[in-house]
Amino acid sequence: MAVPLFDPATPRAPLRDALAEALVRVLDDGRYILGPEVQAFEAEFAAWLGTEHVIGVANGTEAITIALRALGVGPGDEVVVPSFTFYASAEAIPPTGATPVFCDVDPETFLATPESVRAVLTPRTKAVVLVHLFGNVAPVAEVEALGVPVLEDAAQATGSRAGEDLTGTLGTIATFSFYPSKNLGALGDGGAVATRDAALAERVRTLRFHGSPDKETFTDVGYNSRLDEVQAAALRVQLPHVHAWCHGRRAAGRVYEAAGLGEHVRLPVPAAGADPAWGLYVVRHERPEALASALRGAGIGARTYYSVPAHRQPALAEHARGVVLPGTEEAARTHLALPMGPALSEAQVAEVVAAVRAAGL
Ligand SMILES: Cc1ncc(COP(=O)(O)O)c(C=O)c1O
């Protein structure tokens, strides 16, 4: 049996008719941009999260740029961001005019810590992007207690919890990606910004529509960054299933543990008080590339993601001079993603664990 790294199609298969009906509804309605589906999805996702405002945007990258602009981030400001993350978390900062300042992560959790953030704060720090990487939950309250607003990059963590609260409701503002393989994925690109703050929400709404509050007056140089009606319609069909899908991801994690995966690799470590809905299941091993190639040889999806962390990417080199991040380098050197998804079966997990064991590394 081949086991893919992720499998967006299988969980959606039972929703095929409902998705088709939703797409045809948009087709027949004729309102394709900022119409009733986006409005309804924004209200439904806000209620699902337990927050006040959700604003749909084109993708999770522009969601970060727009949310930072809404916070007032601009030229001369610094924004702290972990380097061990998908490049977009950092890439989204320079378009605001601000400078990304890289902080380290704890290689056990893959998350920034209050200490790693505090180490790089300066009087110019305007915001901190905390990434809930792989579905784990970053210490939002502790970092906000340092006196800086936190933008939660929840792209990989829809449905993860800190205590009773869902990620995306923990800080001043939060962003989501609906890239198809995410915990809540569209049938293409999509993103959202979430906040309890009505004034911030209004700023985001203005910025996503060319910097115009009323489509006639243009108060800001903004963005053309809207969630499409077809994507919103597809997201509405899926939203009621996301908690069950997250349950499936958590269950798959428990099956990996019960099957003895921890005898061969270091298992993911949930942050204190966190209940992660694993967006990606990322273990640690001294020879991740050798293990990945053995697994791929056995028909099992496995890959490293951030072997070259953001601060060592050529495009961000000017912001990384003198930056030394030992935890990031350790995570970059040792991490390996194994198959994960809401429909990953016990038999598939058993096959992955057997292949890890057989690799003998
Ligand atoms: C942590 C993180 N931030 C931001 C993004 C950007 O999201 P998008 O691909 O929707 O632009 C991603 C997407 O993959 C991500 O994983």
# chains A, B, ... in the order shown; residues from 1 in each chain; ligands from 1

call {"tool": "residues_around", "arguments": {"residues": "Ala320 of chain A", "least_positions_apart": "5", "cutoff": "12 Å", "atoms": "only C-alpha atoms", "output": "PyMOL selection string"}}
result
chain A and resi 81-83+90+99-103+309-315+325

call {"tool": "select_by_dssp", "arguments": {"residues": "segment 33-148 of chain A", "states": "helix (DSSP H, G or I)", "output": "PyMOL selection string"}}
result
chain A and resi 36-49+60-70+88-91+94-96+114-118+133-135+140-144

call {"tool": "residues_around", "arguments": {"residues": "Leu19 of chain A", "least_positions_apart": "3", "cutoff": "12 Å", "atoms": "only C-alpha atoms", "output": "tab-separated table (two decimals) with N, CA and C atoms, in the first residue's frame"}}
result
chain	number	residue	atom	x	y	z
A	12	ARG	N	-12.56	14.55	1.38
A	12	ARG	CA	-13.59	15.32	0.68
A	12	ARG	C	-14.52	14.44	-0.14
A	13	ALA	N	-14.13	13.19	-0.37
A	13	ALA	CA	-14.93	12.34	-1.26
A	13	ALA	C	-16.39	12.25	-0.80
A	14	PRO	N	-16.68	12.08	0.51
A	14	PRO	CA	-18.10	12.01	0.91
A	14	PRO	C	-18.84	13.33	0.70
A	15	LEU	N	-18.12	14.41	0.47
A	15	LEU	CA	-18.75	15.73	0.31
A	15	LEU	C	-18.88	16.12	-1.17
A	16	ARG	N	-18.62	15.16	-2.05
A	16	ARG	CA	-18.56	15.48	-3.47
A	16	ARG	C	-19.84	16.16	-3.96
A	22	ALA	N	-22.64	23.39	-4.23
A	22	ALA	CA	-22.21	24.73	-3.81
A	22	ALA	C	-21.57	25.48	-4.97
A	23	LEU	N	-20.76	24.78	-5.75
A	23	LEU	CA	-20.09	25.45	-6.87
A	23	LEU	C	-21.10	25.87	-7.93
A	24	VAL	N	-22.07	25.01	-8.19
A	24	VAL	CA	-23.11	25.36	-9.18
A	24	VAL	C	-23.97	26.52	-8.66
A	25	ARG	N	-24.20	26.54	-7.36
A	25	ARG	CA	-24.97	27.66	-6.78
A	25	ARG	C	-24.28	28.99	-7.07
A	26	VAL	N	-22.95	29.02	-6.94
A	26	VAL	CA	-22.21	30.25	-7.23
A	26	VAL	C	-22.30	30.56	-8.72
A	186	ALA	N	-9.27	25.00	0.84
A	186	ALA	CA	-10.17	25.34	-0.26
A	186	ALA	C	-9.86	24.42	-1.45
A	187	LEU	N	-10.50	24.71	-2.58
A	187	LEU	CA	-10.21	23.96	-3.81
A	187	LEU	C	-9.24	24.77	-4.66
A	230	VAL	N	-16.39	31.16	-5.08
A	230	VAL	CA	-16.38	29.68	-5.22
A	230	VAL	C	-15.60	29.04	-4.08
A	231	GLN	N	-14.50	29.67	-3.66
A	231	GLN	CA	-13.73	29.10	-2.56
A	231	GLN	C	-14.52	29.19	-1.26
A	232	ALA	N	-15.17	30.33	-1.04
A	232	ALA	CA	-15.96	30.49	0.19
A	232	ALA	C	-17.08	29.45	0.23
A	233	ALA	N	-17.72	29.21	-0.92
A	233	ALA	CA	-18.81	28.22	-0.96
A	233	ALA	C	-18.27	26.83	-0.62
A	234	ALA	N	-17.09	26.50	-1.16
A	234	ALA	CA	-16.49	25.19	-0.86
A	234	ALA	C	-16.08	25.10	0.60
A	235	LEU	N	-15.56	26.18	1.15
A	235	LEU	CA	-15.16	26.18	2.57
A	235	LEU	C	-16.37	26.01	3.48
A	236	ARG	N	-17.50	26.61	3.09
A	236	ARG	CA	-18.70	26.49	3.93
A	236	ARG	C	-19.18	25.05	4.02
A	237	VAL	N	-19.03	24.30	2.93
A	237	VAL	CA	-19.43	22.89	2.95
A	237	VAL	C	-18.54	22.11	3.91
A	238	GLN	N	-17.25	22.47	3.94
A	238	GLN	CA	-16.29	21.68	4.72
A	238	GLN	C	-16.22	22.06	6.20
A	239	LEU	N	-16.50	23.32	6.50
A	239	LEU	CA	-16.30	23.81	7.87
A	239	LEU	C	-16.95	22.93	8.94

call {"tool": "residues_near_ligand", "arguments": {"ligand": "ligand 1", "cutoff": "7 Å", "atoms": "only C-alpha atoms and all ligand atoms", "output": "VMD selection string"}}
result
chain A and resid 59 to 62 85 to 86 88 to 89 131 133 153 to 156 177 to 179 189 to 191

call {"tool": "write_last_selection", "arguments": {"atoms": "all heavy atoms", "output": "short mmCIF file (atom, residue, chain, number, x, y, z; two decimals), in the first residue's frame"}}
result
data_model
loop_
_atom_site.label_atom_id
_atom_site.label_comp_id
_atom_site.auth_asym_id
_atom_site.auth_seq_id
_atom_site.Cartn_x
_atom_site.Cartn_y
_atom_site.Cartn_z
N ASN A 59 -5.11 34.65 0.09
CA ASN A 59 -4.24 33.54 0.52
C ASN A 59 -3.65 33.87 1.89
O ASN A 59 -3.80 35.00 2.38
CB ASN A 59 -3.13 33.28 -0.52
CG ASN A 59 -2.33 34.54 -0.82
OD1 ASN A 59 -1.65 35.06 0.06
ND2 ASN A 59 -2.44 35.06 -2.03
N GLY A 60 -2.96 32.91 2.45
CA GLY A 60 -2.41 33.09 3.79
C GLY A 60 -1.21 34.00 3.85
O GLY A 60 -0.86 34.50 4.93
N THR A 61 -0.55 34.20 2.73
CA THR A 61 0.60 35.10 2.70
C THR A 61 0.14 36.55 2.74
O THR A 61 0.60 37.35 3.58
CB THR A 61 1.44 34.85 1.42
OG1 THR A 61 1.73 33.46 1.33
CG2 THR A 61 2.73 35.64 1.45
N GLU A 62 -0.79 36.90 1.84
CA GLU A 62 -1.30 38.28 1.85
C GLU A 62 -2.07 38.56 3.13
O GLU A 62 -2.12 39.71 3.59
CB GLU A 62 -2.16 38.53 0.61
CG GLU A 62 -1.32 38.56 -0.65
CD GLU A 62 -2.10 38.83 -1.92
OE1 GLU A 62 -3.34 38.85 -1.91
OE2 GLU A 62 -1.43 38.99 -2.95
N THR A 85 10.11 28.19 9.72
CA THR A 85 8.70 28.28 9.33
C THR A 85 8.67 28.22 7.81
O THR A 85 9.71 28.27 7.16
CB THR A 85 8.06 29.60 9.83
OG1 THR A 85 6.70 29.67 9.36
CG2 THR A 85 8.80 30.83 9.32
N PHE A 86 7.47 28.12 7.24
CA PHE A 86 7.40 28.28 5.80
C PHE A 86 7.82 29.71 5.48
O PHE A 86 7.41 30.67 6.16
CB PHE A 86 5.98 27.98 5.28
CG PHE A 86 5.88 28.17 3.79
CD1 PHE A 86 6.77 27.56 2.93
CD2 PHE A 86 4.89 28.96 3.24
CE1 PHE A 86 6.69 27.73 1.55
CE2 PHE A 86 4.79 29.15 1.87
CZ PHE A 86 5.70 28.53 1.03
N ALA A 88 6.91 31.98 3.68
CA ALA A 88 5.91 33.05 3.54
C ALA A 88 5.70 33.83 4.83
O ALA A 88 5.37 35.02 4.78
CB ALA A 88 4.58 32.46 3.08
N SER A 89 5.89 33.20 5.99
CA SER A 89 5.70 33.91 7.27
C SER A 89 6.61 35.14 7.32
O SER A 89 6.22 36.18 7.85
CB SER A 89 6.03 33.02 8.46
OG SER A 89 5.33 31.81 8.42
N VAL A 131 4.22 31.66 14.83
CA VAL A 131 3.73 30.63 13.91
C VAL A 131 3.36 29.39 14.71
O VAL A 131 4.19 28.85 15.46
CB VAL A 131 4.80 30.28 12.87
CG1 VAL A 131 4.24 29.28 11.85
CG2 VAL A 131 5.31 31.53 12.16
N LEU A 133 3.45 26.28 14.26
CA LEU A 133 4.04 25.43 13.22
C LEU A 133 3.61 23.97 13.35
O LEU A 133 3.64 23.40 14.45
CB LEU A 133 5.57 25.54 13.25
CG LEU A 133 6.24 25.13 11.95
CD1 LEU A 133 5.94 26.11 10.82
CD2 LEU A 133 7.74 24.99 12.14
N ASP A 153 0.22 33.31 13.13
CA ASP A 153 0.17 32.69 11.80
C ASP A 153 -0.35 31.26 12.04
O ASP A 153 0.41 30.36 12.40
CB ASP A 153 1.56 32.69 11.16
CG ASP A 153 1.58 32.00 9.80
OD1 ASP A 153 0.57 31.37 9.43
OD2 ASP A 153 2.62 32.07 9.12
N ALA A 154 -1.67 31.12 11.84
CA ALA A 154 -2.33 29.84 12.12
C ALA A 154 -2.53 29.01 10.85
O ALA A 154 -3.37 28.10 10.83
CB ALA A 154 -3.67 30.10 12.81
N ALA A 155 -1.73 29.30 9.82
CA ALA A 155 -1.90 28.62 8.53
C ALA A 155 -1.90 27.10 8.67
O ALA A 155 -2.63 26.40 7.98
CB ALA A 155 -0.80 29.05 7.56
N GLN A 156 -1.07 26.59 9.59
CA GLN A 156 -0.93 25.13 9.71
C GLN A 156 -1.69 24.57 10.90
O GLN A 156 -1.51 23.40 11.24
CB GLN A 156 0.57 24.77 9.85
CG GLN A 156 1.40 25.18 8.63
CD GLN A 156 2.85 24.73 8.72
OE1 GLN A 156 3.24 24.02 9.64
NE2 GLN A 156 3.65 25.15 7.76
N SER A 177 -4.43 30.15 6.25
CA SER A 177 -4.31 29.78 4.84
C SER A 177 -5.30 28.65 4.58
O SER A 177 -5.42 27.73 5.40
CB SER A 177 -2.90 29.27 4.54
OG SER A 177 -2.88 28.59 3.29
N PHE A 178 -5.97 28.73 3.44
CA PHE A 178 -6.86 27.64 3.03
C PHE A 178 -6.28 26.88 1.84
O PHE A 178 -7.02 26.31 1.03
CB PHE A 178 -8.27 28.17 2.71
CG PHE A 178 -8.89 28.92 3.86
CD1 PHE A 178 -9.40 30.20 3.69
CD2 PHE A 178 -8.95 28.35 5.12
CE1 PHE A 178 -9.96 30.90 4.75
CE2 PHE A 178 -9.51 29.04 6.19
CZ PHE A 178 -10.02 30.32 6.00
N TYR A 179 -4.95 26.89 1.74
CA TYR A 179 -4.26 26.04 0.76
C TYR A 179 -4.83 24.62 0.91
O TYR A 179 -5.12 24.19 2.03
CB TYR A 179 -2.75 26.09 1.06
CG TYR A 179 -1.89 25.36 0.07
CD1 TYR A 179 -1.52 25.97 -1.13
CD2 TYR A 179 -1.47 24.05 0.32
CE1 TYR A 179 -0.73 25.28 -2.05
CE2 TYR A 179 -0.68 23.37 -0.60
CZ TYR A 179 -0.32 24.00 -1.78
OH TYR A 179 0.45 23.31 -2.69
N ASP A 189 -6.48 28.49 -3.86
CA ASP A 189 -5.94 29.39 -2.83
C ASP A 189 -7.05 30.10 -2.07
O ASP A 189 -8.13 30.38 -2.61
CB ASP A 189 -5.03 30.44 -3.47
CG ASP A 189 -3.62 29.92 -3.72
OD1 ASP A 189 -3.04 29.32 -2.78
OD2 ASP A 189 -3.11 30.08 -4.84
N GLY A 190 -6.75 30.44 -0.83
CA GLY A 190 -7.66 31.24 -0.02
C GLY A 190 -6.99 31.54 1.31
O GLY A 190 -6.03 30.87 1.70
N GLY A 191 -7.48 32.56 2.00
CA GLY A 191 -6.93 32.90 3.30
C GLY A 191 -7.92 33.74 4.08
O GLY A 191 -8.98 34.12 3.56
#

call {"tool": "atom_distance", "arguments": {"atom1": "atom CA of Gly163 of chain A", "atom2": "atom CA of Pro8 of chain A"}}
result
27.7 Å

call {"tool": "residues_around", "arguments": {"residues": "segment 299-303 of chain A", "least_positions_apart": "6", "cutoff": "6 Å", "atoms": "only C-alpha atoms", "output": "list of chain:residue names"}}
result
A:Ala2, A:Val3, A:Pro4, A:Leu5, A:Ala292, A:Leu336, A:Ala337, A:Leu338

call {"tool": "decode", "arguments": {"residues": "segment 42-65 of chain A", "atoms": "N, CA and C atoms", "output": "CSV table (one decimal), in the first residue's frame"}}
result
chain,number,residue,atom,x,y,z
A,42,GLU,N,-17.5,34.2,6.3
A,42,GLU,CA,-16.8,35.0,7.3
A,42,GLU,C,-17.6,34.9,8.6
A,43,ALA,N,-18.9,35.0,8.6
A,43,ALA,CA,-19.7,34.9,9.8
A,43,ALA,C,-19.6,33.5,10.4
A,44,GLU,N,-19.7,32.5,9.6
A,44,GLU,CA,-19.6,31.1,10.1
A,44,GLU,C,-18.3,30.7,10.6
A,45,PHE,N,-17.2,31.2,10.0
A,45,PHE,CA,-15.9,30.9,10.5
A,45,PHE,C,-15.6,31.6,11.8
A,46,ALA,N,-16.1,32.9,11.9
A,46,ALA,CA,-15.9,33.6,13.1
A,46,ALA,C,-16.6,32.9,14.3
A,47,ALA,N,-17.8,32.4,14.0
A,47,ALA,CA,-18.6,31.7,15.1
A,47,ALA,C,-17.9,30.4,15.4
A,48,TRP,N,-17.4,29.7,14.4
A,48,TRP,CA,-16.7,28.4,14.7
A,48,TRP,C,-15.4,28.7,15.5
A,49,LEU,N,-14.7,29.7,15.2
A,49,LEU,CA,-13.5,30.0,16.0
A,49,LEU,C,-13.8,30.5,17.4
A,50,GLY,N,-15.0,31.2,17.5
A,50,GLY,CA,-15.3,31.9,18.8
A,50,GLY,C,-14.6,33.2,18.8
A,51,THR,N,-14.6,33.9,17.7
A,51,THR,CA,-14.1,35.3,17.7
A,51,THR,C,-15.1,36.2,17.1
A,52,GLU,N,-14.8,37.5,16.9
A,52,GLU,CA,-15.8,38.5,16.5
A,52,GLU,C,-15.8,38.7,15.0
A,53,HIS,N,-14.6,38.7,14.4
A,53,HIS,CA,-14.5,39.2,13.0
A,53,HIS,C,-13.6,38.2,12.2
A,54,VAL,N,-14.0,37.9,11.0
A,54,VAL,CA,-13.2,37.2,10.0
A,54,VAL,C,-13.3,37.9,8.7
A,55,ILE,N,-12.2,38.1,8.0
A,55,ILE,CA,-12.2,38.8,6.7
A,55,ILE,C,-11.5,37.8,5.8
A,56,GLY,N,-12.2,37.4,4.7
A,56,GLY,CA,-11.6,36.5,3.7
A,56,GLY,C,-10.7,37.3,2.8
A,57,VAL,N,-9.5,36.7,2.6
A,57,VAL,CA,-8.5,37.3,1.6
A,57,VAL,C,-8.0,36.2,0.7
A,58,ALA,N,-7.1,36.6,-0.2
A,58,ALA,CA,-6.8,35.7,-1.3
A,58,ALA,C,-5.9,34.5,-0.9
A,59,ASN,N,-5.1,34.7,0.1
A,59,ASN,CA,-4.2,33.5,0.5
A,59,ASN,C,-3.7,33.9,1.9
A,60,GLY,N,-3.0,32.9,2.5
A,60,GLY,CA,-2.4,33.1,3.8
A,60,GLY,C,-1.2,34.0,3.9
A,61,THR,N,-0.5,34.2,2.7
A,61,THR,CA,0.6,35.1,2.7
A,61,THR,C,0.1,36.6,2.7
A,62,GLU,N,-0.8,36.9,1.8
A,62,GLU,CA,-1.3,38.3,1.9
A,62,GLU,C,-2.1,38.6,3.1
A,63,ALA,N,-2.6,37.5,3.7
A,63,ALA,CA,-3.3,37.7,5.0
A,63,ALA,C,-2.4,38.3,6.0
A,64,ILE,N,-1.1,37.8,6.0
A,64,ILE,CA,-0.1,38.3,7.0
A,64,ILE,C,0.3,39.8,6.7
A,65,THR,N,0.6,40.0,5.4
A,65,THR,CA,0.9,41.4,5.1
A,65,THR,C,-0.2,42.4,5.4
